[in-house]
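Listing of run39.txt; format and content: compact mmCIF, N, CA and C atoms.
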```
# COMPACT_ATOMS: atom_id res chain seq x y z
N MET A 1 0.48 10.52 -6.29
CA MET A 1 -0.55 9.73 -5.67
C MET A 1 -0.39 9.84 -4.16
N LYS A 2 -1.47 9.52 -3.47
CA LYS A 2 -1.40 9.41 -2.03
C LYS A 2 -2.50 8.47 -1.56
N LEU A 3 -2.32 7.96 -0.35
CA LEU A 3 -3.32 7.07 0.23
C LEU A 3 -4.49 7.92 0.70
N LYS A 4 -5.70 7.41 0.49
CA LYS A 4 -6.88 8.14 0.94
C LYS A 4 -6.94 8.15 2.46
N LYS A 5 -7.41 9.25 3.00
CA LYS A 5 -7.60 9.36 4.44
C LYS A 5 -8.69 8.39 4.86
N GLY A 6 -8.57 7.89 6.07
CA GLY A 6 -9.57 6.99 6.60
C GLY A 6 -9.25 5.52 6.41
N PHE A 7 -8.09 5.22 5.82
CA PHE A 7 -7.67 3.83 5.64
C PHE A 7 -6.37 3.59 6.40
N VAL A 8 -6.33 2.49 7.12
CA VAL A 8 -5.17 2.20 7.97
C VAL A 8 -4.76 0.74 7.80
N LEU A 9 -3.50 0.48 8.10
CA LEU A 9 -2.96 -0.87 8.11
C LEU A 9 -3.03 -1.39 9.54
N ARG A 10 -3.65 -2.54 9.71
CA ARG A 10 -3.78 -3.16 11.03
C ARG A 10 -3.43 -4.63 10.93
N GLU A 11 -3.04 -5.21 12.06
CA GLU A 11 -2.84 -6.65 12.12
C GLU A 11 -4.11 -7.26 12.69
N VAL A 12 -4.70 -8.19 11.95
CA VAL A 12 -5.93 -8.86 12.37
C VAL A 12 -5.69 -10.36 12.25
N CYS A 13 -5.74 -11.04 13.36
CA CYS A 13 -5.53 -12.50 13.39
C CYS A 13 -4.23 -12.90 12.69
N GLY A 14 -3.17 -12.12 12.90
CA GLY A 14 -1.86 -12.42 12.34
C GLY A 14 -1.68 -11.99 10.89
N GLU A 15 -2.70 -11.39 10.30
CA GLU A 15 -2.61 -10.92 8.91
C GLU A 15 -2.57 -9.40 8.87
N GLN A 16 -1.82 -8.84 7.93
CA GLN A 16 -1.78 -7.40 7.70
C GLN A 16 -2.91 -7.03 6.76
N VAL A 17 -3.79 -6.14 7.20
CA VAL A 17 -4.94 -5.76 6.38
C VAL A 17 -5.11 -4.25 6.36
N ILE A 18 -5.63 -3.77 5.24
CA ILE A 18 -6.04 -2.38 5.13
C ILE A 18 -7.53 -2.37 5.45
N MET A 19 -7.90 -1.46 6.34
CA MET A 19 -9.30 -1.34 6.69
C MET A 19 -9.68 0.13 6.79
N GLY A 20 -10.95 0.39 6.62
CA GLY A 20 -11.43 1.76 6.75
C GLY A 20 -11.73 2.09 8.19
N GLU A 21 -11.51 3.34 8.55
CA GLU A 21 -11.89 3.85 9.86
C GLU A 21 -12.83 5.03 9.65
N GLY A 22 -13.79 5.19 10.52
CA GLY A 22 -14.74 6.30 10.38
C GLY A 22 -15.55 6.16 9.11
N LEU A 23 -15.66 7.23 8.35
CA LEU A 23 -16.43 7.20 7.10
C LEU A 23 -15.83 6.25 6.09
N GLY A 24 -14.51 6.07 6.15
CA GLY A 24 -13.86 5.12 5.24
C GLY A 24 -14.39 3.71 5.44
N ALA A 25 -14.73 3.35 6.66
CA ALA A 25 -15.26 2.01 6.95
C ALA A 25 -16.64 1.83 6.35
N ILE A 26 -17.44 2.87 6.39
CA ILE A 26 -18.80 2.79 5.84
C ILE A 26 -18.75 2.58 4.34
N ASP A 27 -17.93 3.36 3.65
CA ASP A 27 -17.86 3.27 2.20
C ASP A 27 -17.10 2.03 1.72
N PHE A 28 -16.11 1.60 2.48
CA PHE A 28 -15.24 0.51 2.05
C PHE A 28 -15.86 -0.84 2.35
N GLY A 29 -16.25 -1.08 3.60
CA GLY A 29 -16.98 -2.27 3.98
C GLY A 29 -16.28 -3.60 3.81
N ARG A 30 -14.95 -3.61 3.78
CA ARG A 30 -14.21 -4.87 3.63
C ARG A 30 -12.80 -4.70 4.14
N LEU A 31 -12.04 -5.78 4.14
CA LEU A 31 -10.64 -5.75 4.50
C LEU A 31 -9.82 -6.13 3.27
N LEU A 32 -8.68 -5.51 3.10
CA LEU A 32 -7.78 -5.81 2.00
C LEU A 32 -6.52 -6.42 2.60
N CYS A 33 -6.32 -7.73 2.39
CA CYS A 33 -5.16 -8.43 2.96
C CYS A 33 -3.90 -8.12 2.17
N LEU A 34 -2.80 -7.90 2.89
CA LEU A 34 -1.52 -7.58 2.26
C LEU A 34 -0.47 -8.61 2.66
N ASN A 35 0.41 -8.92 1.71
CA ASN A 35 1.56 -9.74 2.08
C ASN A 35 2.60 -8.84 2.74
N GLU A 36 3.71 -9.42 3.16
CA GLU A 36 4.73 -8.67 3.89
C GLU A 36 5.27 -7.48 3.09
N THR A 37 5.53 -7.70 1.82
CA THR A 37 6.07 -6.62 0.98
C THR A 37 5.06 -5.51 0.77
N ALA A 38 3.82 -5.87 0.51
CA ALA A 38 2.77 -4.87 0.31
C ALA A 38 2.54 -4.06 1.58
N ALA A 39 2.58 -4.72 2.74
CA ALA A 39 2.42 -4.02 4.01
C ALA A 39 3.59 -3.04 4.22
N TRP A 40 4.81 -3.48 3.88
CA TRP A 40 5.97 -2.61 3.99
C TRP A 40 5.81 -1.39 3.07
N LEU A 41 5.34 -1.63 1.85
CA LEU A 41 5.13 -0.52 0.91
C LEU A 41 4.07 0.44 1.42
N TRP A 42 3.01 -0.09 2.02
CA TRP A 42 1.96 0.77 2.58
C TRP A 42 2.57 1.71 3.63
N LYS A 43 3.39 1.15 4.50
CA LYS A 43 4.03 1.96 5.54
C LYS A 43 4.91 3.04 4.93
N GLN A 44 5.62 2.70 3.85
CA GLN A 44 6.46 3.69 3.17
C GLN A 44 5.60 4.79 2.56
N ALA A 45 4.49 4.41 1.95
CA ALA A 45 3.59 5.38 1.33
C ALA A 45 3.00 6.32 2.39
N VAL A 46 2.69 5.78 3.57
CA VAL A 46 2.18 6.61 4.67
C VAL A 46 3.24 7.64 5.05
N GLU A 47 4.49 7.20 5.21
CA GLU A 47 5.57 8.10 5.60
C GLU A 47 5.83 9.17 4.54
N MET A 48 5.73 8.79 3.27
CA MET A 48 6.04 9.71 2.18
C MET A 48 4.92 10.73 1.94
N GLY A 49 3.70 10.36 2.22
CA GLY A 49 2.57 11.24 1.89
C GLY A 49 2.27 11.11 0.42
N ASP A 50 2.81 11.98 -0.40
CA ASP A 50 2.68 11.86 -1.85
C ASP A 50 3.77 10.91 -2.34
N PHE A 51 3.40 10.03 -3.25
CA PHE A 51 4.37 9.06 -3.76
C PHE A 51 4.10 8.79 -5.23
N THR A 52 5.10 8.23 -5.87
CA THR A 52 4.97 7.78 -7.27
C THR A 52 5.39 6.32 -7.33
N PHE A 53 5.10 5.69 -8.45
CA PHE A 53 5.58 4.32 -8.64
C PHE A 53 7.10 4.29 -8.47
N ASP A 54 7.78 5.25 -9.09
CA ASP A 54 9.24 5.28 -9.05
C ASP A 54 9.78 5.49 -7.64
N SER A 55 9.15 6.38 -6.87
CA SER A 55 9.67 6.64 -5.52
C SER A 55 9.50 5.41 -4.62
N LEU A 56 8.37 4.72 -4.73
CA LEU A 56 8.19 3.49 -3.96
C LEU A 56 9.12 2.38 -4.44
N ALA A 57 9.31 2.28 -5.75
CA ALA A 57 10.21 1.27 -6.30
C ALA A 57 11.65 1.50 -5.83
N SER A 58 12.05 2.75 -5.76
CA SER A 58 13.39 3.07 -5.28
C SER A 58 13.57 2.61 -3.83
N LYS A 59 12.58 2.88 -2.99
CA LYS A 59 12.65 2.43 -1.59
C LYS A 59 12.68 0.90 -1.51
N LEU A 60 11.86 0.25 -2.35
CA LEU A 60 11.79 -1.20 -2.34
C LEU A 60 13.12 -1.83 -2.75
N SER A 61 13.75 -1.29 -3.79
CA SER A 61 15.03 -1.85 -4.25
C SER A 61 16.14 -1.58 -3.25
N GLU A 62 16.02 -0.51 -2.45
CA GLU A 62 17.01 -0.24 -1.40
C GLU A 62 16.85 -1.22 -0.24
N GLU A 63 15.61 -1.56 0.10
CA GLU A 63 15.33 -2.41 1.26
C GLU A 63 15.51 -3.89 0.97
N TYR A 64 15.08 -4.31 -0.23
CA TYR A 64 15.15 -5.73 -0.60
C TYR A 64 16.16 -5.91 -1.72
N ASP A 65 16.64 -7.10 -1.90
CA ASP A 65 17.65 -7.39 -2.91
C ASP A 65 16.97 -7.64 -4.26
N VAL A 66 16.44 -6.58 -4.86
CA VAL A 66 15.80 -6.67 -6.17
C VAL A 66 16.29 -5.52 -7.05
N THR A 67 16.24 -5.73 -8.35
CA THR A 67 16.63 -4.67 -9.27
C THR A 67 15.54 -3.60 -9.29
N THR A 68 15.90 -2.45 -9.80
CA THR A 68 14.93 -1.36 -9.91
C THR A 68 13.77 -1.76 -10.81
N ALA A 69 14.06 -2.48 -11.88
CA ALA A 69 13.00 -2.92 -12.81
C ALA A 69 12.05 -3.90 -12.12
N GLU A 70 12.59 -4.83 -11.34
CA GLU A 70 11.74 -5.78 -10.60
C GLU A 70 10.90 -5.05 -9.56
N ALA A 71 11.53 -4.12 -8.86
CA ALA A 71 10.83 -3.35 -7.84
C ALA A 71 9.70 -2.54 -8.47
N LEU A 72 9.97 -1.92 -9.61
CA LEU A 72 8.95 -1.11 -10.28
C LEU A 72 7.77 -1.97 -10.71
N ALA A 73 8.03 -3.14 -11.25
CA ALA A 73 6.94 -4.04 -11.66
C ALA A 73 6.10 -4.46 -10.45
N ASP A 74 6.76 -4.78 -9.35
CA ASP A 74 6.04 -5.17 -8.13
C ASP A 74 5.20 -4.02 -7.59
N VAL A 75 5.79 -2.83 -7.54
CA VAL A 75 5.08 -1.66 -7.03
C VAL A 75 3.87 -1.35 -7.91
N GLN A 76 4.05 -1.40 -9.22
CA GLN A 76 2.93 -1.11 -10.12
C GLN A 76 1.78 -2.09 -9.89
N GLY A 77 2.11 -3.36 -9.68
CA GLY A 77 1.07 -4.35 -9.43
C GLY A 77 0.34 -4.12 -8.13
N ILE A 78 1.10 -3.85 -7.08
CA ILE A 78 0.50 -3.65 -5.75
C ILE A 78 -0.33 -2.36 -5.72
N VAL A 79 0.23 -1.26 -6.22
CA VAL A 79 -0.49 0.01 -6.18
C VAL A 79 -1.72 -0.05 -7.09
N SER A 80 -1.64 -0.78 -8.18
CA SER A 80 -2.81 -0.94 -9.05
C SER A 80 -3.95 -1.63 -8.30
N GLU A 81 -3.61 -2.62 -7.48
CA GLU A 81 -4.62 -3.28 -6.65
C GLU A 81 -5.22 -2.31 -5.66
N TRP A 82 -4.38 -1.45 -5.08
CA TRP A 82 -4.89 -0.44 -4.14
C TRP A 82 -5.81 0.54 -4.86
N GLN A 83 -5.45 0.90 -6.10
CA GLN A 83 -6.29 1.82 -6.86
C GLN A 83 -7.65 1.18 -7.15
N GLU A 84 -7.64 -0.09 -7.55
CA GLU A 84 -8.89 -0.80 -7.82
C GLU A 84 -9.75 -0.90 -6.57
N ALA A 85 -9.12 -1.04 -5.42
CA ALA A 85 -9.85 -1.13 -4.15
C ALA A 85 -10.33 0.24 -3.68
N GLY A 86 -9.80 1.31 -4.29
CA GLY A 86 -10.25 2.66 -3.95
C GLY A 86 -9.58 3.25 -2.72
N VAL A 87 -8.35 2.82 -2.39
CA VAL A 87 -7.67 3.35 -1.23
C VAL A 87 -6.54 4.33 -1.59
N VAL A 88 -6.40 4.62 -2.88
CA VAL A 88 -5.39 5.54 -3.37
C VAL A 88 -6.08 6.63 -4.18
N GLU A 89 -5.57 7.87 -4.02
CA GLU A 89 -6.08 8.96 -4.87
C GLU A 89 -4.95 9.68 -5.53
```
Can the structure from this file be put into structure tokens for me?
Amino acid sequence: MKLKKGFVLREVCGEQVIMGEGLGAIDFGRLLCLNETAAWLWKQAVEMGDFTFDSLASKLSEEYDVTTAEALADVQGIVSEWQEAGVVE
């Protein structure tokens, strides 16, 4: 998987949001608010380029004090929301 081009993480009024830029803004037309962990995962996905649930979960369990199973469940939930929003391909 990878994040679709044209979507960026920005801070707006103290909140971390995914928003479209350029053509992405026209098609998307909204903001997707992220909590601290989801914003951190977004940044990791940007750095990685191509990613999997497992690769993000591994990074999450290294950064935060969670088991691999907990990290995987969290990543699957967050990335599923991104997929539903259409920001992942």
**Report entry** Distance in Å - atom CA of Gln16 of chain A versus atom CA of Asn35 of chain A
**Finding:**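 Between atom CA of Gln16 of chain A and atom CA of Asn35 of chain A the gap is 6.9 Å.
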Query raised in the report: Got a sec: who's within 7 Å of segment 59-61 of chain A, counting all atoms listed in the file, leaving out chain neighbours fewer than 5 positions off, as a PyMOL selection string?
Result: chain A and resi 54+66-68+71-72
Report task. Would you work out the distance separating atom C of Leu9 of chain A from atom C of Lys43 of chain A, expressed in Å to one decimal? Result ->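 So the answer is 10.2 Å.
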Query raised in the report: Out of A:Glu63, A:Asp74, A:Glu15, A:Glu84, which residue has the shortest atom-to-atom distance to Cys33 of chain A when counting all atoms listed in the file?
Result: A:Glu15
Query - Computed interatomic separation between atom CA of Ser80 of chain A and atom N of Thr52 of chain A (Å) - result: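 Distance between the two atoms: 12.5 Å.
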Once you add 6 Å to each side, what are the centre and edge lengths of the axis-aligned box holding all listed atoms of segment 52-69 of chain A? One decimal in Å, as lines of an AutoDock Vina configuration file, if you can.
```
center_x = 11.3
center_y = 0.3
center_z = -5.8
size_x = 24.7
size_y = 27.9
size_z = 26.1
```
Requested in this report: Can you check which residues of segment 30-74 of chain A DSSP gives as helix (DSSP H, G or I) on the backbone and send them as a PyMOL selection string?
Outcome: chain A and resi 36-48+53-63+68-74
